[in-house]
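Data from my_file_20.txt: compact mmCIF, C-alpha atoms
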```
# COMPACT_ATOMS: atom_id res chain seq x y z
CA MET A 1 -23.17 12.14 -44.45
CA GLU A 2 -21.01 9.12 -43.58
CA ARG A 3 -18.28 11.33 -42.21
CA GLU A 4 -20.68 13.00 -39.77
CA LEU A 5 -21.81 9.59 -38.51
CA ILE A 6 -18.21 8.47 -38.00
CA GLN A 7 -17.39 11.66 -36.09
CA ARG A 8 -20.35 11.11 -33.72
CA LEU A 9 -19.25 7.61 -32.70
CA PRO A 10 -17.16 7.37 -29.53
CA LYS A 11 -13.49 6.64 -29.98
CA LEU A 12 -12.59 3.40 -28.25
CA ARG A 13 -8.87 3.28 -27.66
CA GLY A 14 -6.75 0.52 -26.23
CA VAL A 15 -7.39 -3.11 -25.52
CA LYS A 16 -10.19 -3.82 -23.08
CA ASN A 17 -9.41 -7.38 -22.03
CA ARG A 18 -10.72 -8.38 -18.66
CA PRO A 19 -8.84 -10.90 -16.52
CA ILE A 20 -10.11 -14.47 -16.69
CA PHE A 21 -9.61 -15.18 -12.98
CA PRO A 22 -10.71 -12.82 -10.22
CA LYS A 23 -8.03 -11.29 -8.02
CA LEU A 24 -7.47 -13.17 -4.79
CA ASP A 25 -7.54 -11.48 -1.41
CA VAL A 26 -4.25 -11.53 0.49
CA ILE A 27 -3.44 -12.76 4.00
CA ASN A 28 0.05 -12.62 5.50
CA VAL A 29 1.62 -15.47 7.45
CA SER A 30 1.62 -13.37 10.61
CA ASP A 31 -2.21 -13.12 10.41
CA LEU A 32 -2.88 -16.87 10.11
CA PRO A 33 -3.34 -17.53 13.86
CA ASN A 34 -6.25 -15.07 13.86
CA TYR A 35 -8.13 -17.16 11.28
CA ALA A 36 -7.15 -20.67 12.42
CA LYS A 37 -9.69 -23.02 14.01
CA ASP A 38 -8.10 -26.00 15.75
CA GLY A 39 -4.84 -25.24 13.93
CA VAL A 40 -6.43 -25.46 10.45
CA VAL A 41 -7.01 -22.73 7.87
CA ASN A 42 -8.99 -23.41 4.67
CA ALA A 43 -11.37 -21.70 2.26
CA ALA A 44 -14.46 -22.88 4.19
CA ILE A 45 -13.22 -21.22 7.39
CA LEU A 46 -12.26 -17.98 5.61
CA GLY A 47 -15.39 -17.88 3.43
CA LYS A 48 -13.43 -16.82 0.34
CA LYS A 49 -10.43 -17.72 -1.75
CA VAL A 50 -7.22 -16.06 -0.61
CA LYS A 51 -3.49 -16.18 -1.24
CA ILE A 52 -1.15 -16.47 1.71
CA LEU A 53 2.00 -14.36 1.48
CA GLY A 54 5.18 -14.71 3.52
CA ASP A 55 5.18 -11.36 5.34
CA GLY A 56 5.79 -11.66 9.07
CA GLU A 57 6.69 -14.51 11.40
CA LEU A 58 4.75 -17.58 12.46
CA LYS A 59 5.23 -19.28 15.84
CA GLU A 60 2.33 -21.77 15.86
CA LYS A 61 1.74 -25.07 14.04
CA ILE A 62 -0.91 -24.38 11.41
CA THR A 63 -2.21 -26.61 8.62
CA VAL A 64 -3.22 -24.79 5.42
CA GLN A 65 -5.58 -26.70 3.13
CA GLY A 66 -6.69 -25.84 -0.39
CA LEU A 67 -5.36 -22.28 -0.53
CA VAL A 68 -2.78 -20.63 -2.77
CA VAL A 69 0.47 -20.20 -0.85
CA SER A 70 3.61 -18.33 -1.92
CA LYS A 71 6.99 -20.05 -1.75
CA SER A 72 8.24 -17.95 1.16
CA ALA A 73 4.99 -18.49 3.10
CA LYS A 74 5.24 -22.25 2.60
CA GLU A 75 8.80 -22.24 3.94
CA LYS A 76 7.76 -20.25 7.05
CA ILE A 77 4.73 -22.47 7.74
CA GLU A 78 6.80 -25.64 7.46
CA ALA A 79 9.61 -24.14 9.56
CA ALA A 80 7.09 -23.55 12.36
CA GLY A 81 6.04 -27.22 12.18
CA GLY A 82 2.88 -26.75 10.11
CA LEU A 83 1.74 -28.35 6.86
CA VAL A 84 0.63 -27.04 3.46
CA LYS A 85 -1.75 -29.36 1.61
```
Any chance you could give the structure as structure tokens?
Amino acid sequence: MERELIQRLPKLRGVKNRPIFPKLDVINVSDLPNYAKDGVVNAAILGKKVKILGDGELKEKITVQGLVVSKSAKEKIEAAGGLVK
């Protein structure tokens, strides 16, 4: 009787841990001028939390406020004369 009950139960394999933090959307440095308003990019302008990656080139001065920025993206933003706060 017990064995039949055990055989009917689904087999749950593996660890089912969910990540604590949601995955961030990604924006490349080359796309920043499309989102900038008056040379500033922040979470309020974008409407969501994003991470800025260093793919591409930047030719404008842009200030990034309150967003997650990769090391290479920070170097490219500062090289173009912008700021990362």
Between A:Pro19, A:Leu32, A:Ile62, A:Lys71, which is the closest to Leu46 (chain A) once you count all atoms listed in the file?
->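 Smallest separation from Leu46 (chain A) among the options: A:Leu32.
Our summary of the geometry notes that CA of Glu75 (chain A) is positioned 26.0 Å from CA of Phe21 (chain A).
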Open item on the list: From the options A:Lys76, A:Arg3, A:Lys61, A:Lys49, which residue's atoms come nearest to Val26 (chain A), counting only C-alpha atoms?
Closed with: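 Of the candidates, the smallest distance to Val26 (chain A) is held by A:Lys49.
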Discussion item. Give me, as a list in words, all polymer residues having an atom no more than 8 Å from Val40 (chain A), counting all atoms listed in the file and skipping those fewer than 6 positions away in the same chain.
Written reply: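 So, after excluding close chain neighbours, the residues are Ile62, Thr63, Val64 and Gln65 of chain A.
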- Item | Distance in Å - CA of Pro33 (chain A) versus CA of Glu60 (chain A) |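 That distance, rounded to one decimal, is 7.4 Å.
Our summary of the geometry notes that CA of Asn42 (chain A) is positioned 6.4 Å from CA of Leu67 (chain A).
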With all atoms listed in the file as the counted atoms, please give the residues lying no more than 7 Å from Val69 (chain A), apart from itself and same-chain residues fewer than 2 positions off, as a PyMOL selection string. chain A and resi 51-53+67+71+73-74
| said: Between A:Leu5, A:Ile27, A:Ala44, A:Ile77, which residue has the minimum interatomic distance to Lys59 (chain A), considering all atoms listed in the file? | reply: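 Of the candidates, the smallest distance to Lys59 (chain A) is held by A:Ile77.
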Centre and size of axis-aligned box enclosing region 11-18 of chain A plus 3 Å each side, as lines of an AutoDock Vina configuration file:
```
center_x = -10.1
center_y = -0.9
center_z = -24.3
size_x = 12.7
size_y = 21.0
size_z = 17.3
```
Could you add the missing atoms to region 39-65 of chain A, up to N, CA and C atoms, and return them as a compact mmCIF listing (two decimals), in the frame of the given file?
```txt
# COMPACT_ATOMS: atom_id res chain seq x y z
N GLY A 39 -6.11 -25.14 14.65
CA GLY A 39 -4.84 -25.24 13.93
C GLY A 39 -4.98 -25.46 12.44
N VAL A 40 -6.18 -25.24 11.87
CA VAL A 40 -6.43 -25.46 10.45
C VAL A 40 -6.99 -24.19 9.82
N VAL A 41 -6.49 -23.86 8.64
CA VAL A 41 -7.01 -22.73 7.87
C VAL A 41 -7.34 -23.26 6.48
N ASN A 42 -8.59 -23.04 6.03
CA ASN A 42 -8.99 -23.41 4.67
C ASN A 42 -10.02 -22.43 4.14
N ALA A 43 -10.45 -22.64 2.90
CA ALA A 43 -11.37 -21.70 2.26
C ALA A 43 -12.74 -21.69 2.95
N ALA A 44 -13.17 -22.82 3.51
CA ALA A 44 -14.46 -22.88 4.19
C ALA A 44 -14.44 -22.02 5.46
N ILE A 45 -13.33 -22.02 6.17
CA ILE A 45 -13.22 -21.22 7.39
C ILE A 45 -13.17 -19.73 7.04
N LEU A 46 -12.42 -19.39 5.99
CA LEU A 46 -12.26 -17.98 5.61
C LEU A 46 -13.49 -17.44 4.88
N GLY A 47 -14.22 -18.31 4.18
CA GLY A 47 -15.39 -17.88 3.43
C GLY A 47 -15.08 -17.30 2.07
N LYS A 48 -13.82 -17.34 1.65
CA LYS A 48 -13.43 -16.82 0.34
C LYS A 48 -12.08 -17.39 -0.03
N LYS A 49 -11.73 -17.26 -1.29
CA LYS A 49 -10.43 -17.72 -1.75
C LYS A 49 -9.39 -16.63 -1.51
N VAL A 50 -8.27 -17.02 -0.92
CA VAL A 50 -7.22 -16.06 -0.61
C VAL A 50 -5.87 -16.64 -1.01
N LYS A 51 -4.87 -15.77 -1.04
CA LYS A 51 -3.49 -16.18 -1.24
C LYS A 51 -2.73 -15.79 0.01
N ILE A 52 -1.92 -16.72 0.50
CA ILE A 52 -1.15 -16.47 1.71
C ILE A 52 0.26 -16.06 1.31
N LEU A 53 0.68 -14.88 1.78
CA LEU A 53 2.00 -14.36 1.48
C LEU A 53 2.90 -14.50 2.69
N GLY A 54 4.21 -14.43 2.48
CA GLY A 54 5.18 -14.71 3.52
C GLY A 54 5.63 -13.52 4.34
N ASP A 55 4.79 -12.53 4.55
CA ASP A 55 5.18 -11.36 5.34
C ASP A 55 4.93 -11.63 6.82
N GLY A 56 5.92 -11.46 7.64
CA GLY A 56 5.79 -11.66 9.07
C GLY A 56 6.36 -13.00 9.52
N GLU A 57 6.17 -13.28 10.80
CA GLU A 57 6.69 -14.51 11.40
C GLU A 57 5.53 -15.35 11.92
N LEU A 58 5.75 -16.66 11.97
CA LEU A 58 4.75 -17.58 12.46
C LEU A 58 5.37 -18.43 13.56
N LYS A 59 4.69 -18.54 14.71
CA LYS A 59 5.23 -19.28 15.84
C LYS A 59 4.38 -20.49 16.20
N GLU A 60 3.24 -20.68 15.55
CA GLU A 60 2.33 -21.77 15.86
C GLU A 60 2.31 -22.79 14.73
N LYS A 61 1.94 -24.04 15.07
CA LYS A 61 1.74 -25.07 14.04
C LYS A 61 0.37 -24.85 13.42
N ILE A 62 0.35 -24.61 12.12
CA ILE A 62 -0.91 -24.38 11.41
C ILE A 62 -0.90 -25.22 10.14
N THR A 63 -2.04 -25.84 9.85
CA THR A 63 -2.21 -26.61 8.62
C THR A 63 -3.04 -25.78 7.66
N VAL A 64 -2.52 -25.57 6.45
CA VAL A 64 -3.22 -24.79 5.42
C VAL A 64 -3.70 -25.77 4.36
N GLN A 65 -5.00 -25.76 4.08
CA GLN A 65 -5.58 -26.70 3.13
C GLN A 65 -6.29 -25.97 2.00
```
